[in-house]
Amino acid sequence: MAVDELDTRILRLLIEQPRTSVREYARILGIARGTLQARIDRLERDGVITGTGPVLSPAALGHPVLAFVHIEVTQGHLDEVGDELAEVPEIVEAFSITGGGDLLTRVVARDNGHLEDVIQRLINLPGVVRTRTEMALRERVPHRMLPLVESVGRGARAAR
């Protein structure tokens, strides 16, 4: 999927000013509203834009503890374990991985005791062989996409 300079400018606005109207975005960019909407629709259709909802803070929801739990799974049971992980509300992300383990989950908890309870739940899932937990101490680089968008935009300009 090719992202050009205008797409990059649109994505920057969507990231920096997510609650602005399409009409205002078009005014800021100096383009027709229909052009902007067509670009946004294409970016959504192509999977560049994957959501528009609010970003929530687990800590503000009473779950300030963050841990990454590596899960080793019995061979042939990855899908079943993945389905079971989807039933655990404290798991906010899960990925199949290479290296040490089969799955990597991002887990939030109210406190260390609650985290232990969640880990025990994971250990008891059919197909789970073992887990390894790493606790996050402090976020050093918050989730971000703008630097990547800008890099892709620079690449698009250089290719012209």
# chains A, B, ... in the order shown; residues from 1 in each chain; ligands from 1
>>> select_by_dssp(residues="range 87-158 of chain A", states="strand (DSSP E)", output="PyMOL selection string")
chain A and resi 91-96+103-109+128-135
>>> residues_around(residues="Arg138 in chain A", least_positions_apart="5", cutoff="12 Å", atoms="only C-alpha atoms", output="list in words")
Pro64, Val65, Leu66 and Ala67 of chain A
>>> write_last_selection(atoms="all heavy atoms", output="PDB file, in the first residue's frame")
ATOM      1  N   PRO A  64      -2.986  -0.697  37.505  1.00  0.00           N
ATOM      2  CA  PRO A  64      -1.707  -0.035  37.237  1.00  0.00           C
ATOM      3  C   PRO A  64      -0.520  -0.970  37.002  1.00  0.00           C
ATOM      4  O   PRO A  64       0.524  -0.536  36.530  1.00  0.00           O
ATOM      5  CB  PRO A  64      -1.479   0.793  38.506  1.00  0.00           C
ATOM      6  CG  PRO A  64      -2.148  -0.007  39.577  1.00  0.00           C
ATOM      7  CD  PRO A  64      -3.374  -0.608  38.909  1.00  0.00           C
ATOM      8  N   VAL A  65      -0.655  -2.250  37.335  1.00  0.00           N
ATOM      9  CA  VAL A  65       0.442  -3.198  37.164  1.00  0.00           C
ATOM     10  C   VAL A  65       0.423  -3.725  35.736  1.00  0.00           C
ATOM     11  O   VAL A  65      -0.619  -4.170  35.244  1.00  0.00           O
ATOM     12  CB  VAL A  65       0.325  -4.363  38.178  1.00  0.00           C
ATOM     13  CG1 VAL A  65       1.392  -5.415  37.912  1.00  0.00           C
ATOM     14  CG2 VAL A  65       0.410  -3.831  39.601  1.00  0.00           C
ATOM     15  N   LEU A  66       1.576  -3.678  35.078  1.00  0.00           N
ATOM     16  CA  LEU A  66       1.714  -4.174  33.709  1.00  0.00           C
ATOM     17  C   LEU A  66       2.795  -5.244  33.689  1.00  0.00           C
ATOM     18  O   LEU A  66       3.895  -5.041  34.221  1.00  0.00           O
ATOM     19  CB  LEU A  66       2.092  -3.038  32.751  1.00  0.00           C
ATOM     20  CG  LEU A  66       2.472  -3.437  31.326  1.00  0.00           C
ATOM     21  CD1 LEU A  66       1.316  -4.139  30.619  1.00  0.00           C
ATOM     22  CD2 LEU A  66       2.920  -2.214  30.544  1.00  0.00           C
ATOM     23  N   ALA A  67       2.477  -6.363  33.086  1.00  0.00           N
ATOM     24  CA  ALA A  67       3.456  -7.453  32.954  1.00  0.00           C
ATOM     25  C   ALA A  67       3.346  -8.065  31.568  1.00  0.00           C
ATOM     26  O   ALA A  67       2.302  -7.988  30.917  1.00  0.00           O
ATOM     27  CB  ALA A  67       3.203  -8.515  34.020  1.00  0.00           C
TER      28      ALA A  67
END
>>> closest_residue(among="A:Ile40, A:Val55, A:Ile49, A:Leu6", to="Val22 in chain A", atoms="only C-alpha atoms")
A:Ile40
>>> residues_around(residues="Gly62 in chain A", least_positions_apart="4", cutoff="9 Å", atoms="only C-alpha atoms", output="CSV table (one decimal) with N, CA, C and O atoms, in the first residue's frame")
chain,number,residue,atom,x,y,z
A,57,SER,N,-6.6,4.1,29.5
A,57,SER,CA,-5.5,3.8,30.4
A,57,SER,C,-5.9,2.7,31.4
A,57,SER,O,-6.8,2.9,32.2
A,58,PRO,N,-5.2,1.6,31.4
A,58,PRO,CA,-5.5,0.5,32.3
A,58,PRO,C,-5.3,1.0,33.8
A,58,PRO,O,-6.1,0.7,34.7
A,109,ALA,N,-3.0,-5.7,35.8
A,109,ALA,CA,-3.6,-6.2,37.1
A,109,ALA,C,-3.7,-5.0,38.1
A,109,ALA,O,-3.1,-4.0,38.0
A,110,ARG,N,-4.6,-5.3,39.1
A,110,ARG,CA,-4.8,-4.2,40.2
A,110,ARG,C,-3.6,-4.1,41.1
A,110,ARG,O,-3.3,-3.0,41.5
>>> select_by_dssp(residues="chain A", states="helix (DSSP H, G or I)", output="PyMOL selection string")
chain A and resi 5-16+22-29+33-45+78-85+112-123+146-159
>>> residues_around(residues="range 30-34 of chain A", least_positions_apart="5", cutoff="12 Å", atoms="only C-alpha atoms", output="list of chain:residue names")
A:Leu6, A:Asp7, A:Arg9, A:Ile10, A:Ser21, A:Val22, A:Arg23, A:Glu24, A:Tyr25, A:Arg39, A:Ile40, A:Asp41
>>> closest_residue(among="A:Pro126, A:Pro18, A:Pro147, A:Gly155", to="Asp79 in chain A", atoms="only C-alpha atoms")
A:Pro126
